[in-house]
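Text of final_14.txt, listed as compact mmCIF, C-alpha atoms:
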```txt
# COMPACT_ATOMS: atom_id res chain seq x y z
CA MET B 1 -99.36 81.87 165.68
CA SER B 2 -103.05 82.68 165.21
CA GLU B 3 -104.35 86.17 164.56
CA LEU B 4 -107.87 87.54 164.98
CA GLU B 5 -108.22 90.68 162.89
CA ILE B 6 -111.17 93.05 163.21
CA ARG B 7 -111.32 95.85 160.66
CA ASP B 8 -113.69 98.86 160.68
CA LEU B 9 -116.51 96.80 162.17
CA HIS B 10 -120.00 98.31 162.20
CA VAL B 11 -122.82 96.43 163.95
CA THR B 12 -126.52 97.16 164.56
CA VAL B 13 -129.22 95.57 166.70
CA GLU B 14 -132.99 95.75 166.50
CA THR B 15 -134.65 97.49 169.48
CA ASP B 16 -138.08 98.92 170.25
CA GLU B 17 -136.84 102.15 168.70
CA GLY B 18 -135.80 100.41 165.47
CA THR B 19 -132.40 99.59 164.06
CA THR B 20 -129.78 100.88 166.49
CA PRO B 21 -126.06 101.21 165.66
CA ILE B 22 -123.88 99.74 168.43
CA LEU B 23 -120.40 99.36 166.94
CA ASN B 24 -119.20 102.25 164.83
CA GLY B 25 -115.90 101.28 163.26
CA VAL B 26 -113.94 98.99 165.60
CA THR B 27 -110.45 97.98 164.49
CA LEU B 28 -108.44 95.55 166.61
CA THR B 29 -105.89 92.75 166.17
CA ILE B 30 -105.35 89.99 168.76
CA ARG B 31 -102.56 87.42 168.38
CA THR B 32 -101.89 84.24 170.31
CA GLY B 33 -99.79 84.94 173.37
CA GLU B 34 -101.25 88.42 173.80
CA THR B 35 -103.74 89.66 176.38
CA HIS B 36 -105.92 92.61 175.39
CA ALA B 37 -108.26 94.35 177.82
CA ILE B 38 -111.22 96.31 176.49
CA MET B 39 -112.59 98.73 179.05
CA GLY B 40 -115.42 101.21 178.93
CA PRO B 41 -118.68 102.28 180.57
CA ASN B 42 -122.01 100.48 180.23
CA GLY B 43 -123.49 100.74 176.76
CA SER B 44 -120.19 101.34 175.00
CA GLY B 45 -120.45 98.22 172.83
CA LYS B 46 -118.06 95.84 174.60
CA SER B 47 -120.44 92.90 174.89
CA THR B 48 -121.76 93.51 171.39
CA LEU B 49 -118.21 93.04 170.10
CA ALA B 50 -117.87 89.77 172.03
CA TYR B 51 -121.13 88.31 170.75
CA THR B 52 -120.50 89.46 167.19
CA ILE B 53 -117.18 87.62 167.17
CA ALA B 54 -118.97 84.51 168.44
CA GLY B 55 -121.76 84.80 165.86
CA HIS B 56 -124.84 85.71 167.89
CA PRO B 57 -127.73 86.15 165.41
CA LYS B 58 -129.11 89.15 167.29
CA TYR B 59 -126.33 91.36 165.93
CA THR B 60 -126.08 92.44 162.29
CA VAL B 61 -122.73 93.35 160.75
CA THR B 62 -123.42 96.18 158.31
CA SER B 63 -119.81 96.70 157.23
CA GLY B 64 -116.26 95.78 158.14
CA SER B 65 -114.65 92.39 158.61
CA ILE B 66 -113.51 89.79 161.12
CA SER B 67 -110.90 87.24 160.07
CA LEU B 68 -109.00 84.47 161.83
CA ASP B 69 -105.72 83.54 160.20
CA GLY B 70 -106.98 85.05 156.97
CA GLU B 71 -110.30 83.16 156.98
CA ASP B 72 -113.56 85.13 156.95
CA VAL B 73 -115.14 84.60 160.37
CA LEU B 74 -118.38 86.28 159.33
CA GLU B 75 -118.97 83.53 156.76
CA MET B 76 -118.64 80.84 159.45
CA THR B 77 -121.48 79.36 161.49
CA VAL B 78 -121.20 79.50 165.28
CA ASP B 79 -119.90 75.94 165.52
CA GLU B 80 -117.40 76.55 162.71
CA ARG B 81 -116.02 79.50 164.64
CA ALA B 82 -115.54 77.29 167.69
CA ARG B 83 -113.80 74.61 165.65
CA ALA B 84 -111.56 77.27 164.11
CA GLY B 85 -110.32 78.18 167.59
CA LEU B 86 -112.57 80.94 168.91
CA PHE B 87 -114.03 80.74 172.42
CA LEU B 88 -116.52 82.94 174.27
CA ALA B 89 -116.92 82.99 178.04
CA MET B 90 -120.29 84.63 178.56
CA GLN B 91 -121.12 87.25 181.15
CA TYR B 92 -124.32 85.34 181.96
CA PRO B 93 -123.73 81.61 181.26
CA VAL B 94 -126.93 79.79 180.38
CA GLU B 95 -128.37 76.68 182.03
CA ILE B 96 -128.77 73.51 179.95
CA PRO B 97 -131.26 71.22 181.74
CA GLY B 98 -130.84 67.51 181.02
CA VAL B 99 -127.21 67.75 179.91
CA THR B 100 -124.54 66.89 182.47
CA VAL B 101 -121.27 68.81 182.67
CA THR B 102 -119.38 65.61 181.79
CA ASN B 103 -121.41 64.96 178.64
CA PHE B 104 -121.35 68.60 177.62
CA LEU B 105 -117.57 68.89 177.88
CA ARG B 106 -116.81 65.62 176.07
CA THR B 107 -119.30 66.38 173.30
CA ALA B 108 -117.78 69.84 172.81
CA LYS B 109 -114.24 68.44 172.76
CA THR B 110 -115.25 65.79 170.22
CA ALA B 111 -116.91 68.38 167.98
CA ILE B 112 -113.88 70.67 168.04
CA ASP B 113 -111.21 67.98 167.57
CA GLY B 114 -113.19 65.83 165.15
CA GLU B 115 -112.72 62.73 167.31
CA ALA B 116 -113.60 61.70 170.84
CA PRO B 117 -110.82 62.06 173.43
CA ALA B 118 -109.42 58.91 175.00
CA ILE B 119 -111.53 58.21 178.09
CA ARG B 120 -108.67 57.65 180.53
CA THR B 121 -106.71 60.76 179.55
CA TRP B 122 -109.85 62.88 179.28
CA THR B 123 -111.12 61.86 182.73
CA LYS B 124 -107.75 62.68 184.23
CA ASP B 125 -107.67 66.08 182.56
CA VAL B 126 -111.21 66.95 183.69
CA LYS B 127 -110.50 65.97 187.29
CA SER B 128 -107.22 67.91 187.31
CA SER B 129 -108.81 71.07 185.91
CA MET B 130 -111.74 70.86 188.32
CA LYS B 131 -109.34 70.48 191.22
CA ASN B 132 -107.33 73.51 190.11
CA LEU B 133 -110.54 75.54 189.90
CA ARG B 134 -111.66 74.21 193.30
CA MET B 135 -114.82 72.72 191.84
CA ASP B 136 -116.52 69.91 193.73
CA PRO B 137 -116.11 66.68 191.65
CA LYS B 138 -119.87 66.13 192.04
CA PHE B 139 -120.43 69.05 189.66
CA ALA B 140 -119.34 66.78 186.79
CA GLN B 141 -122.63 64.88 187.10
CA ARG B 142 -124.85 67.93 187.51
CA ASN B 143 -126.69 69.56 184.63
CA VAL B 144 -124.81 72.41 182.99
CA ASN B 145 -125.06 75.53 185.17
CA GLU B 146 -128.38 74.36 186.65
CA GLY B 147 -128.53 75.61 190.23
CA PHE B 148 -124.95 76.89 190.00
CA SER B 149 -124.06 80.10 191.81
CA GLY B 150 -122.62 82.97 189.79
CA GLY B 151 -119.10 82.04 190.82
CA GLU B 152 -119.66 78.36 189.99
CA LYS B 153 -120.91 79.28 186.52
CA LYS B 154 -117.79 81.36 185.87
CA ARG B 155 -115.53 78.55 187.05
CA HIS B 156 -117.32 76.21 184.66
CA GLU B 157 -116.64 78.66 181.82
CA ILE B 158 -112.93 78.57 182.61
CA LEU B 159 -113.07 74.79 182.94
CA GLN B 160 -114.27 74.73 179.32
CA LEU B 161 -111.47 77.12 178.35
CA GLU B 162 -108.80 74.90 179.88
CA LEU B 163 -110.13 71.68 178.34
CA LEU B 164 -111.14 72.88 174.85
CA LYS B 165 -107.85 74.73 174.27
CA PRO B 166 -108.92 77.44 171.79
CA GLN B 167 -106.57 79.80 169.97
CA ILE B 168 -108.36 83.04 170.92
CA ALA B 169 -110.60 83.46 173.99
CA VAL B 170 -113.07 86.31 174.42
CA LEU B 171 -113.92 86.74 178.10
CA ASP B 172 -117.01 88.93 178.51
CA GLU B 173 -116.94 90.44 182.01
CA THR B 174 -115.73 87.21 183.57
CA ASP B 175 -115.14 89.14 186.80
CA SER B 176 -118.82 90.12 187.09
CA GLY B 177 -120.36 88.91 190.36
CA LEU B 178 -117.21 87.23 191.68
CA ASP B 179 -115.97 87.63 195.23
CA VAL B 180 -112.25 88.12 195.85
CA ASP B 181 -111.44 84.42 196.24
CA ALA B 182 -113.41 83.34 193.16
CA LEU B 183 -111.87 86.15 191.12
CA LYS B 184 -108.38 84.93 191.96
CA ILE B 185 -109.22 81.28 191.17
CA VAL B 186 -110.85 82.14 187.84
CA SER B 187 -107.94 84.43 186.90
CA GLU B 188 -105.43 81.72 187.72
CA GLY B 189 -107.34 79.40 185.38
CA VAL B 190 -107.07 81.90 182.53
CA ASN B 191 -103.36 82.34 183.20
CA ARG B 192 -102.82 78.56 183.21
CA ALA B 193 -104.59 78.22 179.88
CA LYS B 194 -102.43 80.95 178.39
CA GLU B 195 -99.22 79.41 179.68
CA GLU B 196 -100.11 75.94 178.42
CA THR B 197 -101.39 76.82 174.94
CA ASN B 198 -100.10 80.34 174.18
CA LEU B 199 -103.72 81.47 174.18
CA GLY B 200 -104.68 84.91 172.92
CA VAL B 201 -107.09 86.68 175.28
CA LEU B 202 -109.59 89.48 174.70
CA LEU B 203 -110.73 90.46 178.18
CA ILE B 204 -113.79 92.71 178.47
CA THR B 205 -114.26 94.45 181.80
CA HIS B 206 -115.53 97.58 183.52
CA TYR B 207 -113.02 97.51 186.33
CA THR B 208 -109.31 97.08 186.87
CA ARG B 209 -109.54 94.56 189.71
CA ILE B 210 -109.23 91.51 187.43
CA LEU B 211 -106.19 93.11 185.81
CA ARG B 212 -104.34 92.64 189.09
CA TYR B 213 -104.36 88.92 188.30
CA ILE B 214 -104.56 88.79 184.49
CA HIS B 215 -101.98 91.28 183.31
CA PRO B 216 -102.81 92.85 179.94
CA ASP B 217 -100.27 93.61 177.25
CA PHE B 218 -102.63 96.12 175.67
CA VAL B 219 -105.55 98.18 176.99
CA HIS B 220 -108.25 99.63 174.74
CA VAL B 221 -110.90 102.14 175.81
CA MET B 222 -114.26 101.78 174.06
CA ILE B 223 -116.77 104.63 174.06
CA GLY B 224 -119.81 104.90 171.81
CA GLY B 225 -118.94 101.81 169.82
CA ARG B 226 -115.44 103.02 168.99
CA ILE B 227 -111.99 102.47 170.45
CA VAL B 228 -110.97 105.96 171.49
CA GLU B 229 -107.65 105.31 173.21
CA GLU B 230 -105.09 102.51 173.37
CA GLY B 231 -102.06 101.87 175.50
CA GLY B 232 -100.32 99.49 177.86
CA PRO B 233 -101.16 98.47 181.45
CA GLU B 234 -100.56 102.03 182.58
CA LEU B 235 -103.74 103.10 180.77
CA ALA B 236 -105.80 100.83 183.05
CA ASP B 237 -104.22 102.48 186.07
CA ARG B 238 -105.14 105.88 184.68
CA LEU B 239 -108.75 104.76 184.18
CA GLU B 240 -108.83 103.56 187.78
CA ASP B 241 -107.88 107.06 188.91
CA GLU B 242 -109.83 109.17 186.42
CA GLY B 243 -112.76 107.04 185.22
CA TYR B 244 -114.29 107.50 181.77
CA ASP B 245 -115.64 111.02 182.10
CA ARG B 246 -112.83 112.59 180.10
CA PHE B 247 -113.84 110.53 177.06
CA LEU B 248 -117.50 111.57 177.16
CA PRO B 249 -118.88 114.75 175.53
CA PRO B 250 -119.34 117.66 177.96
CA GLY B 251 -122.51 117.25 180.00
CA GLU B 252 -122.99 113.60 179.04
CA GLU B 253 -122.97 111.06 181.85
CA GLU B 254 -122.23 107.36 181.68
CA PRO B 255 -125.42 105.63 180.42
CA ALA B 256 -127.48 103.73 182.98
CA ASP B 257 -127.79 99.95 182.80
CA ALA B 258 -131.49 100.16 181.98
CA ALA B 259 -130.80 102.25 178.93
CA VAL B 260 -128.42 99.73 177.38
CA ALA B 261 -130.24 96.44 177.90
CA SER B 262 -129.95 95.87 174.17
CA GLU B 263 -126.20 95.37 174.53
CA ALA B 264 -126.48 92.29 176.74
```
Here is the file; what I need is its structure written in the form of structure tokens.
Amino acid sequence: MSELEIRDLHVTVETDEGTTPILNGVTLTIRTGETHAIMGPNGSGKSTLAYTIAGHPKYTVTSGSISLDGEDVLEMTVDERARAGLFLAMQYPVEIPGVTVTNFLRTAKTAIDGEAPAIRTWTKDVKSSMKNLRMDPKFAQRNVNEGFSGGEKKRHEILQLELLKPQIAVLDETDSGLDVDALKIVSEGVNRAKEETNLGVLLITHYTRILRYIHPDFVHVMIGGRIVEEGGPELADRLEDEGYDRFLPPGEEEPADAAVASEA
């Protein structure tokens, strides 16, 4: 069993206004086999947490710790974190011109495992996963995410998840921009990965609709860079009915997207 442990994590980011605190003491433990949902309004720090775990250089950890099976994640480079078993599905997957999906996936698998996968088995696995995600086989020869629709990019993220087989997956608003059919297909991919490898999942989302397909064991509400309430699936249902207003100071409204661009 793997365990990702986050303790009293404080993170800042540089903005036009100077050094801005984003995370203000986050404590969270995710184990393999568990699904955790982090919910909260825009600007609450959810994506900052995801990118800090992955090692994005934009974010500075000022105090606190992140460990994976007792090893200091903050001392690892980005590629070392991936090899250790951490995976990030990005809210806005980037395009990589000149690199085909096939080459990208096999190179990533080789880097993580330390040896290249057997061609015959690997090709079979890629085709099977693409079929399950209803991806056109021709996508294997296209450049990574280049010209992909939003839904196609998210399916490719889950294709990576299924093939790379991490220990802990952080899914940053994977439901963003998906129609109902794509949401179901992507969710089924996450569930397959969990069933096959006992994956631990940290699912970041605004809304409860993805939780109809990926059922959380634990729900955490993040406001102002802190986790302010925790519970089971019933907490997500309560948020669906009541929203986040009860967690905000009197007279304070949910921040607008434009005001929190630094979180992306």
Go through segment 206-258 of chain B residue by residue and, counting only C-alpha atoms, keep those with an atom at most 6 Å from segment 44-53 of chain B; for each kept residue give the shortest atom pair and its distance in Å to one decimal, ordered by chain and increasing number, as JSON lines.
```
{"residue": "B:Ile223", "atom": "CA", "partner": "B:Ser44", "partner_atom": "CA", "distance": 4.8}
{"residue": "B:Gly224", "atom": "CA", "partner": "B:Ser44", "partner_atom": "CA", "distance": 4.8}
{"residue": "B:Gly225", "atom": "CA", "partner": "B:Gly45", "partner_atom": "CA", "distance": 4.9}
```
| Any idea what's packed within 12 Å of His56 of chain B, counting all atoms listed in the file, ignoring anything in its chain fewer than 4 positions away? Could you give it as a PyMOL selection string? | chain B and resi 11+13+47-52+60-61+74+76-79+81+88+90+263-264
Determine, using all atoms listed in the file, which residues of segment 164-231 of chain B have any atom at most 6 Å from an atom of segment 21-36 of chain B, and tabulate each with its shortest atom pair and distance in Å to one decimal place, rows ordered by chain and then rising number, as a tab-separated table.
```
residue	atom	partner	partner_atom	distance
B:Asn198	CA	B:Gly33	CA	4.7
B:Leu199	CA	B:Thr32	CA	5.1
B:Gly200	CA	B:Thr32	CA	3.9
B:Val201	CA	B:Thr35	CA	4.6
B:Leu202	CA	B:His36	CA	4.9
B:Leu203	CA	B:His36	CA	6.0
B:Pro216	CA	B:Thr35	CA	4.9
B:Asp217	CA	B:Thr35	CA	5.3
B:Phe218	CA	B:His36	CA	4.8
B:Val219	CA	B:His36	CA	5.8
B:Gly225	CA	B:Leu23	CA	4.1
B:Arg226	CA	B:Val26	CA	5.5
```
If you keep C-alpha atoms, can you produce a file of those selected residues as a tab-separated table (two decimals), in the frame of the given file?
```
chain	number	residue	atom	x	y	z
B	198	ASN	CA	-100.10	80.34	174.18
B	199	LEU	CA	-103.72	81.47	174.18
B	200	GLY	CA	-104.68	84.91	172.92
B	201	VAL	CA	-107.09	86.68	175.28
B	202	LEU	CA	-109.59	89.48	174.70
B	203	LEU	CA	-110.73	90.46	178.18
B	216	PRO	CA	-102.81	92.85	179.94
B	217	ASP	CA	-100.27	93.61	177.25
B	218	PHE	CA	-102.63	96.12	175.67
B	219	VAL	CA	-105.55	98.18	176.99
B	225	GLY	CA	-118.94	101.81	169.82
B	226	ARG	CA	-115.44	103.02	168.99
```
| said: Neighbouring residues of Ser67 of chain B were defined as those with any atom within 6 Å, considering all atoms listed in the file; residues of the same chain fewer than 4 positions away were excluded. Please report them as a list in words. | reply: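 Counting only the stated atoms, we get Leu4, Glu5, Glu71, Asp72 and Val73 of chain B.
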| said: Please report the interatomic distance between atom CA of Lys153 of chain B and atom CA of Gln141 of chain B in Å with one decimal. | reply: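 Computing the Euclidean distance for atom CA of Lys153 of chain B and atom CA of Gln141 of chain B yields 14.5 Å.
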| One-decimal distance in Å that lies between atom CA of Thr62 of chain B and atom CA of Glu17 of chain B | 18.0 Å
| message | Could you check which residues have any atom within 12 Å of (-116.2, 74.9, 178.4), counting only C-alpha atoms with coordinates taken straight from the file, and then list them as a count of residues only? | response | 38
| query | Distance atom CA of Arg142 of chain B-atom CA of Val190 of chain B, one decimal place? | reply |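 Computing it gives 23.2 Å between the two atoms.
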| So, counting only C-alpha atoms, which residue among B:Asn132, B:Gly147, B:Tyr207, B:His215 is closest to Lys194 of chain B? |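 Looking only at the distances to Lys194 of chain B, the closest residue turns out to be B:His215.
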| said: Could you list, as a list of chain:residue names, every residue within 8 Å of Asp237 of chain B, counting only C-alpha atoms and ignoring same-chain residues fewer than 4 positions away? | reply: B:Thr208, B:Pro233, B:Asp241
Output C-alpha atoms for every residue in that selection, as a short mmCIF file (atom, residue, chain, number, x, y, z; two decimals), in the frame of the given file.
```
data_model
loop_
_atom_site.label_atom_id
_atom_site.label_comp_id
_atom_site.auth_asym_id
_atom_site.auth_seq_id
_atom_site.Cartn_x
_atom_site.Cartn_y
_atom_site.Cartn_z
CA THR B 208 -109.31 97.08 186.87
CA PRO B 233 -101.16 98.47 181.45
CA ASP B 241 -107.88 107.06 188.91
#
```
| query | With only C-alpha atoms as the atoms that count, which of B:Asp179, B:Asp136, B:Asp172, B:Glu240 lies nearest to Gly151 of chain B? | reply |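 Result for the nearest residue to Gly151 of chain B: B:Asp179.
Considering all atoms listed in the file, the residue among B:Leu68, B:Ala236, B:Ser149, B:Met39 positioned nearest to Ile204 of chain B is B:Met39.
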